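Chemist: I am attaching a structure below and will ask some questions about it afterwards.
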Amino acid sequence: MKKVGLILTAVLACLVLLGGCGKKTADADKDTTTNVKSSKKVTLDFWSFWGSGARREVIESIIKDYNESQDKVKIKYSYQPWGDIWTKSLSAITAGNPPDVIVQDINSVAQRADAKQATDITKYLDKGINKRFYSQLFKTTQYQNKTYGLPFNTDTQVIFYNKKIFKNAGLTDKDLPQTWSELDAVARTLDIKKDDTFTRIGFYPLWSLDTQVWALNADGGTSWFNDKNQVKIDTKNKRKALQWILDAQKYYGKKTINRLEAEFGSGVADPFLSGTVAMRAQNINYYTSIKENAPKDFEFGVIQLPEFQKGSGHKTWGGGFTLEVPTGAKHVKESVDFIKYLTSDKVQEKFGAASFDIMANKKANTNLINGKQLDETGQMIYKTADQAMSSTVLTPIPLSAPDYNNLVNEQIDAALLGQKSAKQALKDAQTAVENLVKQHK
Amino acid sequence: MATEVQRLSHNPIVTKKGASKQRTRFIKTIGSYLLLGGISLVLLTPLLWMIFTSLKPMTEIVQFPPTFFPKTIHWENYLMAINSFPFWSYAKNTLIIAGSVVIGNVLANSFIAYGFAKLNFPGKRILFALVLSTMMIPGFVTMIPQYVIFSKIGWVGTYLPLIVPSFFGNAFNIFLMRQFYLSISNELIEAAQLDGANHLYIWSHLMIPLTKPALITIAINSFNGAWNDFLGPLLYIKDQRQYTLQIGLQVFKNQSTTQWHYLMAGAVLVLLPTILLFFFAQRYFIEGMNLTAGTKG
Amino acid sequence: MTKRSLRQKQEARWGFFFVAPFLIGFVLFMFGPMLFSLIGSFTDYNLTSKMNFIGLNNFKRMFLNDDLFWKSLYNTAYFTIFNVPLTTLFSIFLAVILNQKLVGMRFFRTIFYLPAVLSGVAVYILWMQLLSPSTGLINTILSWFHITGPSWLFDPNWTKPALIMMKLWSAGGAMLLYLATLQNVPTQLYESAEIDGAGIWQQFRHVTLPMITPIIFYDVITSTIGSFQIFQEAYVMTSNGQGGPANSLLFYNLHMWNKAFVGFDMGYAMAMSMVLFMIVLVLTLINLKLAPRWVHYAGGDQ
């Protein structure tokens with residue numbers, strides 16, 4: 001009997017709580033609607049994945065500035081978890097109740113435009129607005145000559161090197177590798193081998209870049225697909241690139257590779273910061289990680305990806321994020337005004353200085369390089385990034401085969417496992433992706 | 001059952017003398033503890049790793065080769081984990097959702113399964129097949145259509161899509177409860193009916209006490225499920241003040257870095273209530289046992 | 001005669017009364033989306049801009065052109081075939097050794113259940129570290145016995161066994177079900193069996209096992225369904241969530257996810273879900289057909 005009473009009270013308590021919270025949300029909704037009506041102020045929902053630390057603080061401060069700078073629009077910021085933000089926004093867009101502005105992946109803009117998930121904002125933009133941005137970034141926001149969002153920040157792939165290891169090996173700035181063969185040579189002088197096991201690794205290309213980036217670098221900036229969306233996987237230079245990776249794998253031995261690959265893969269332990277790996281090819285964002293996690297006496301430098309051959313260009317790959325107005329959002333004009341504000345010189349500079357992200361706005365980056373907000377290392381990072389941007393290629397997702405990745409990776413893995421030659425692997429990948437393209441026609 | 005036991009009792013093994021019997025029992029106990037301890041060690045290691053990571057600074061976490069024991073202990077990671085997002089109010093939100101889901105699941109599934117297990121009606125087999133079939137369609141494809149429905153009836157932005165469905169039963173738990181009911185003798189129900197009890201009374205006064213271990217199991221597992229659910233709350237909650245703990249934990253993951261020390265500290269804290277719940281709820285298992293044995297014997 | 005049919009009618013009315021909540025919930029929340037998925041599987045639905053009827057094209061493409069469909073089906077079947085029996089046996093084993101009257105049992109029960117509570121990304125990352133070929137704990141322990149452990153998540157032959165091992169570790173959820181059932185076994189049965197000199201195995205075989213067959217049956221069916229839908233482990237534990245190396249962890253649902261949310265090819269994903277539905281349905285029907293041979297209900301099955 002006592003127990004029944006206990007359960008009943010528990011049920012009651014929960015129901016009361018439930019009722020209470022349901023009411024509260026209803027009230028909150030009412031509040032905002034009456035507010036909107038009384039002051040004619042529009043509330044815009046803004047979603048991004050900046051949830052903690054410097055990025056969150058700076059975006060909230062930027063939004064506060066904007067809200068105080070005018071009295072027509074109020075921005076309401078919502079943090080959404082990284083990655084899942086897009087599952088949520090896709091559901092919301094499908095149901096017709098999306099937020100007003102979302103931070104989206106830049107390489108899939110055309111895909112979303114094609115599926116009518118993003119709004120064409122061309123008519124709200126001033127003519128020369130494209131000059132704010134690195135040209136390849138703005139180009140990626142175009143679909144059928146219309147603009148579907150503006151670039152916010154970007155990144156590019158570079159090589160980080162351990163300065164101390166270089167110094168101890170007697171290497172100076174002049175010895176920093178400019179081509180693949182120089183890279184190999186430098187890596188060999190940095191390797192340490194004790195009784196058949198490597199205790200230090202000079203450089204292994206797949207830590208932490210995809211084969212795709214090296215293939216793109218070797219092939220004059222052409223990725224698995226060219227500008228016209230033709231499949232360009234099986235080319236002479238890409239075969240050479242894959243062979244180069246296989247050679248590096250053979251040289252270090254599978255055992256050594258596997259040993260460290262697991263660490264890079266889980267993203268927890270970091271052999272580069274621990275000095276086990278002398279050079280690491282990585283997204284320039286890695287700087288944030290070094291800043292937070294490296295031992296205090298850790299010294300590092302950054303260089304562009306070397307050229308495949310002398311004069312072939314320091315081609316590298318980049319990504320980044322855009323600000324989009326999803327289909328179904330009610331206040332497009334106001335939203336675009338806010339997007340313009342977020343991509344303006346001063347705001348971009350402010351965000352970059354706080355987050356160390358490379359901004360889409362060229363002037364903001366230049367100001368950061370020459371200004372006083374950053375320390376020497378920070379300026380060096382932005383300088384390298386700015387240089388690298390001139391040879392950074394974006395790889396928009398091909399509409400004809402958006403999910404090609406697994407097909408290519410399977411073949412490359414087969415080559416890495418020694419089941420196929422580089423030539424055969426790329427040939428098979430080319431066939432598989434062409435087959436996928438055919439399925440979509 | 002009974003026949004099995006009878007057969008065993010004819011087993012012509014000579015009963016040993018008291019002393020040696022006590023010795024074998026002692027050895028058996030030691031053996032049991034060794035086995036239990038060994039398995040516990042294996043099962044606990046990942047958890048220990050998690051706790052140790054939560055006490056390390058990032059500079060140690062990124063070290064290669066990794067360390068198992070922390071060199072220096074940083075309790076402040078836990079403070080940071082709590083202060084990086086509104087921990088307590090998210091905990092309250094999660095508790096409201098999980099608590100309601102538990103009530104819904106325990107009541108509804110026990111109720112529905114009674115119909116499937118103990119009552120006869122036309123179309124029962126087809127209906128039960130329908131129950132099972134709802135388990136077989138992967139959630140991804142129904143996720144968005146379901147979202148659209150909840151959006152149309154204006155439930156998006158409230159906890160209702162997370163709570164209300166649990167009051168209409170869930171296939172896994174209906175099936176589970178049915179299995180438990182089928183193990184209960186029908187004579188009990190028939191006897192109660194002769195005494196003039198209707199099925200509602202039989203369910204609430206006979207079946208619920210008899211199936212207590214099963215109900216506790218469902219309660220624990222569905223609390224666990226709702227407490228750790230991530231995608232559901234994320235999709236349906238709009239206002240970030242109403243977020244749950246699992247969404248809160250995500251703030252430590254960025255596009256390029258993860259703050260492992262805070263994430264692990266937060267994960268340990270989120271884990272605690274479920275452990276405590278289990279630790280204390282399990283005593284009802286024992287109680288349930290005595291009760292069932294009593295009625296059966 | 002009439003009296004009997006009246007009773008039957010009454011019982012049927014009670015029956016519908018009890019299952020009504022499920023029916024209402026089904027109509028409200030599930031019927032629509034399920035029917036929509038069925039219809040969607042014959043279209044080129046992409047969620048936001050198109051939904052044209054394309055007949056059986058999705059299915060044709062799946063069976064004839066999509067190698068990854070077959071690969072993912074193979075991976076999933078492989079995983080299921082090993083995962084279901086192993087986790088079932090292991091969770092029964094755990095439940096049986098926990099079902100003793102010893103001091104401190106509450107702690108052991110809690111410890112055994114713990115892994116089932118641990119979920120989410122943190123656990124998968126933790127396992128990636130445990131499985132690390134050189135510094136991971138598992139290979140370190142193997143090396144004490146002079147065994148060179150495999151590369152686990154980096155060797156396509158070992159990725160699925162690694163995942164099955166992880167699943168075994170978290171068998172606590174199912175263990176709980178068995179533990180709950182074992183509480184229904186009257187202790188007198190064990191006592192009398194012991195007096196008769198029945199060993200541990202005989203006690204298990206003749207007292208415990210018959211009592212837990214209904215739950216074994218439940219466990220086998222639901223974990224088969226669950227295994228066929230494995231997703232998150234592979235999504236989190238492989239680089240970029242792509243199911244590598246060599247697509248060895250590209251499970252059925254992961255492939256479906258890629259089609260739906262990377263390629264926005266929702267129609268195709270829905271077609272895949274229908275095929276999965278049919279496969280699981282057939283397996284469940286087989287299970288149901290075989291059940292009377294080995295499942296023992298004290299209350300009798302109707």
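Every chain in the structure tokens takes a letter, A first, then B, and so on in the order presented; its residues are numbered from 1, and the ligands are numbered from 1 following the presented order.
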Can you list, as a count of residues only, every protein, DNA or RNA residue that comes within 10 Å of stretch 76-82 of chain C when you count only C-alpha atoms, leaving out same-chain residues fewer than 5 positions away?
Modeler: 22
Chemist: List every residue of stretch 59-143 of chain A that has an atom at most 8 Å from any atom of stretch 36-60 of chain C, and for each one report the closest atom pair and its distance in Å to one decimal, counting only C-alpha atoms, with rows sorted by chain and then by increasing residue number, as a tab-separated table.
Modeler:
```
residue	atom	partner	partner_atom	distance
A:Ile93	CA	C:Thr48	CA	7.6
A:Thr94	CA	C:Thr48	CA	5.7
A:Ala115	CA	C:Ser49	CA	5.3
A:Lys116	CA	C:Ser49	CA	5.7
A:Gln117	CA	C:Thr48	CA	6.4
```
Chemist: Please tabulate, as JSON lines, the residues of chain C that come within 10 Å of chain A, each with its closest pair of atoms and the distance in Å to one decimal, counting only C-alpha atoms and ordering rows by chain, then residue number upward.
Modeler:
```
{"residue": "C:Asn46", "atom": "CA", "partner": "A:Ala115", "partner_atom": "CA", "distance": 7.2}
{"residue": "C:Leu47", "atom": "CA", "partner": "A:Thr94", "partner_atom": "CA", "distance": 6.2}
{"residue": "C:Thr48", "atom": "CA", "partner": "A:Thr94", "partner_atom": "CA", "distance": 5.7}
{"residue": "C:Ser49", "atom": "CA", "partner": "A:Ala115", "partner_atom": "CA", "distance": 5.3}
{"residue": "C:Lys50", "atom": "CA", "partner": "A:Ala115", "partner_atom": "CA", "distance": 7.8}
{"residue": "C:Asn57", "atom": "CA", "partner": "A:Gln439", "partner_atom": "CA", "distance": 9.7}
{"residue": "C:Asn58", "atom": "CA", "partner": "A:Gln439", "partner_atom": "CA", "distance": 9.7}
{"residue": "C:Arg61", "atom": "CA", "partner": "A:Gln439", "partner_atom": "CA", "distance": 7.1}
{"residue": "C:Met62", "atom": "CA", "partner": "A:Gln439", "partner_atom": "CA", "distance": 9.9}
{"residue": "C:Asn65", "atom": "CA", "partner": "A:Gln439", "partner_atom": "CA", "distance": 7.6}
{"residue": "C:Asp66", "atom": "CA", "partner": "A:Leu436", "partner_atom": "CA", "distance": 7.9}
{"residue": "C:Asp67", "atom": "CA", "partner": "A:Ala432", "partner_atom": "CA", "distance": 8.7}
{"residue": "C:Leu68", "atom": "CA", "partner": "A:Leu407", "partner_atom": "CA", "distance": 7.8}
{"residue": "C:Tyr124", "atom": "CA", "partner": "A:Ser266", "partner_atom": "CA", "distance": 9.3}
{"residue": "C:Ile125", "atom": "CA", "partner": "A:Ser266", "partner_atom": "CA", "distance": 6.2}
{"residue": "C:Leu126", "atom": "CA", "partner": "A:Ser266", "partner_atom": "CA", "distance": 8.6}
{"residue": "C:Trp127", "atom": "CA", "partner": "A:Ser266", "partner_atom": "CA", "distance": 9.3}
{"residue": "C:Met128", "atom": "CA", "partner": "A:Ser266", "partner_atom": "CA", "distance": 6.1}
{"residue": "C:Gln129", "atom": "CA", "partner": "A:Ser266", "partner_atom": "CA", "distance": 6.9}
{"residue": "C:Leu131", "atom": "CA", "partner": "A:Ala262", "partner_atom": "CA", "distance": 8.4}
{"residue": "C:Ser132", "atom": "CA", "partner": "A:Ala262", "partner_atom": "CA", "distance": 5.4}
{"residue": "C:Pro133", "atom": "CA", "partner": "A:Arg259", "partner_atom": "CA", "distance": 5.6}
{"residue": "C:Ser134", "atom": "CA", "partner": "A:Arg259", "partner_atom": "CA", "distance": 5.1}
{"residue": "C:Thr135", "atom": "CA", "partner": "A:Arg259", "partner_atom": "CA", "distance": 7.5}
{"residue": "C:Gly136", "atom": "CA", "partner": "A:Ala262", "partner_atom": "CA", "distance": 9.1}
{"residue": "C:Ser151", "atom": "CA", "partner": "A:Asn258", "partner_atom": "CA", "distance": 6.8}
{"residue": "C:Trp152", "atom": "CA", "partner": "A:Ala262", "partner_atom": "CA", "distance": 9.6}
{"residue": "C:Leu153", "atom": "CA", "partner": "A:Ala262", "partner_atom": "CA", "distance": 8.1}
{"residue": "C:Phe154", "atom": "CA", "partner": "A:Asn258", "partner_atom": "CA", "distance": 6.8}
{"residue": "C:Asp155", "atom": "CA", "partner": "A:Leu417", "partner_atom": "CA", "distance": 8.3}
{"residue": "C:Pro156", "atom": "CA", "partner": "A:Leu417", "partner_atom": "CA", "distance": 9.0}
{"residue": "C:Val236", "atom": "CA", "partner": "A:Ser266", "partner_atom": "CA", "distance": 9.6}
{"residue": "C:Met237", "atom": "CA", "partner": "A:Ser266", "partner_atom": "CA", "distance": 7.8}
{"residue": "C:Thr238", "atom": "CA", "partner": "A:Gly265", "partner_atom": "CA", "distance": 8.0}
{"residue": "C:Ser239", "atom": "CA", "partner": "A:Gly265", "partner_atom": "CA", "distance": 6.7}
{"residue": "C:Asn240", "atom": "CA", "partner": "A:Gly265", "partner_atom": "CA", "distance": 9.8}
{"residue": "C:Gln242", "atom": "CA", "partner": "A:Asn406", "partner_atom": "CA", "distance": 6.5}
{"residue": "C:Gly243", "atom": "CA", "partner": "A:Asn406", "partner_atom": "CA", "distance": 7.9}
{"residue": "C:Gly244", "atom": "CA", "partner": "A:Glu410", "partner_atom": "CA", "distance": 7.4}
{"residue": "C:Pro245", "atom": "CA", "partner": "A:Asp413", "partner_atom": "CA", "distance": 6.2}
{"residue": "C:Ala246", "atom": "CA", "partner": "A:Glu410", "partner_atom": "CA", "distance": 4.3}
{"residue": "C:Asn247", "atom": "CA", "partner": "A:Glu410", "partner_atom": "CA", "distance": 5.7}
{"residue": "C:Ser248", "atom": "CA", "partner": "A:Glu410", "partner_atom": "CA", "distance": 8.8}
{"residue": "C:Leu250", "atom": "CA", "partner": "A:Asn406", "partner_atom": "CA", "distance": 8.6}
{"residue": "C:His255", "atom": "CA", "partner": "A:Asn406", "partner_atom": "CA", "distance": 9.1}
{"residue": "C:Asn258", "atom": "CA", "partner": "A:Asp403", "partner_atom": "CA", "distance": 6.7}
{"residue": "C:Lys259", "atom": "CA", "partner": "A:Asp403", "partner_atom": "CA", "distance": 6.8}
{"residue": "C:Ala260", "atom": "CA", "partner": "A:Asp403", "partner_atom": "CA", "distance": 9.7}
{"residue": "C:Phe261", "atom": "CA", "partner": "A:Thr87", "partner_atom": "CA", "distance": 7.7}
{"residue": "C:Val262", "atom": "CA", "partner": "A:Asp403", "partner_atom": "CA", "distance": 6.2}
{"residue": "C:Gly263", "atom": "CA", "partner": "A:Pro402", "partner_atom": "CA", "distance": 5.0}
{"residue": "C:Phe264", "atom": "CA", "partner": "A:Ala115", "partner_atom": "CA", "distance": 8.1}
{"residue": "C:Asp265", "atom": "CA", "partner": "A:Pro402", "partner_atom": "CA", "distance": 9.4}
```
Chemist: Now that the selection is made, can you save its residues with C-alpha atoms as a compact mmCIF listing (two decimals), in the first residue's frame?
Modeler:
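Output file part.txt follows:
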```
# COMPACT_ATOMS: atom_id res chain seq x y z
CA ASN C 46 15.03 13.98 -52.27
CA LEU C 47 13.21 15.49 -49.25
CA THR C 48 12.92 19.02 -50.53
CA SER C 49 12.41 19.48 -54.24
CA LYS C 50 11.24 16.38 -56.06
CA ASN C 57 14.27 1.80 -60.69
CA ASN C 58 15.62 2.15 -57.16
CA ARG C 61 19.86 0.01 -59.31
CA MET C 62 20.34 -1.54 -55.90
CA ASN C 65 24.49 -1.58 -60.16
CA ASP C 66 25.29 -0.79 -56.59
CA ASP C 67 28.26 -2.89 -55.49
CA LEU C 68 28.29 -1.12 -52.15
CA TYR C 124 33.60 4.68 -29.13
CA ILE C 125 36.62 6.93 -28.96
CA LEU C 126 37.68 5.11 -25.82
CA TRP C 127 37.49 1.81 -27.67
CA MET C 128 39.51 3.21 -30.54
CA GLN C 129 42.26 3.80 -28.00
CA LEU C 131 42.10 -1.20 -29.85
CA SER C 132 45.09 0.82 -30.96
CA PRO C 133 47.52 -1.69 -32.53
CA SER C 134 50.62 -0.73 -30.55
CA THR C 135 49.71 1.27 -27.49
CA GLY C 136 46.18 -0.05 -26.96
CA SER C 151 45.74 -4.11 -36.16
CA TRP C 152 42.03 -4.26 -35.32
CA LEU C 153 40.38 -1.19 -36.82
CA PHE C 154 43.12 -0.83 -39.45
CA ASP C 155 42.94 -4.32 -40.89
CA PRO C 156 39.73 -5.03 -42.85
CA VAL C 236 31.96 7.29 -35.24
CA MET C 237 34.82 4.81 -35.30
CA THR C 238 35.88 5.14 -38.93
CA SER C 239 37.54 8.14 -40.46
CA ASN C 240 34.96 10.66 -41.68
CA GLN C 242 32.84 6.37 -44.11
CA GLY C 243 33.04 2.79 -42.95
CA GLY C 244 36.68 2.11 -43.87
CA PRO C 245 39.20 0.61 -44.16
CA ALA C 246 38.30 -0.87 -47.53
CA ASN C 247 34.61 -0.39 -46.65
CA SER C 248 34.86 -3.25 -44.19
CA LEU C 250 30.26 -0.03 -44.32
CA HIS C 255 25.28 3.06 -46.69
CA ASN C 258 25.09 8.17 -46.97
CA LYS C 259 22.47 7.83 -49.67
CA ALA C 260 19.87 9.75 -47.67
CA PHE C 261 21.88 12.50 -46.02
CA VAL C 262 25.00 12.85 -48.15
CA GLY C 263 23.42 12.32 -51.55
CA PHE C 264 19.88 13.41 -50.59
CA ASP C 265 18.71 10.30 -52.44
```
Chemist: From a backbone DSSP assignment, name each residue in stretch 158-211 of chain B labelled alpha helix (DSSP H), as a count of residues only.
Modeler: 31
Chemist: Using only C-alpha atoms, pick whichever of B:Gln240, B:Met58, B:Leu269, B:Ala171 has the shortest atom-to-atom distance to B:Leu130.
Modeler: B:Ala171
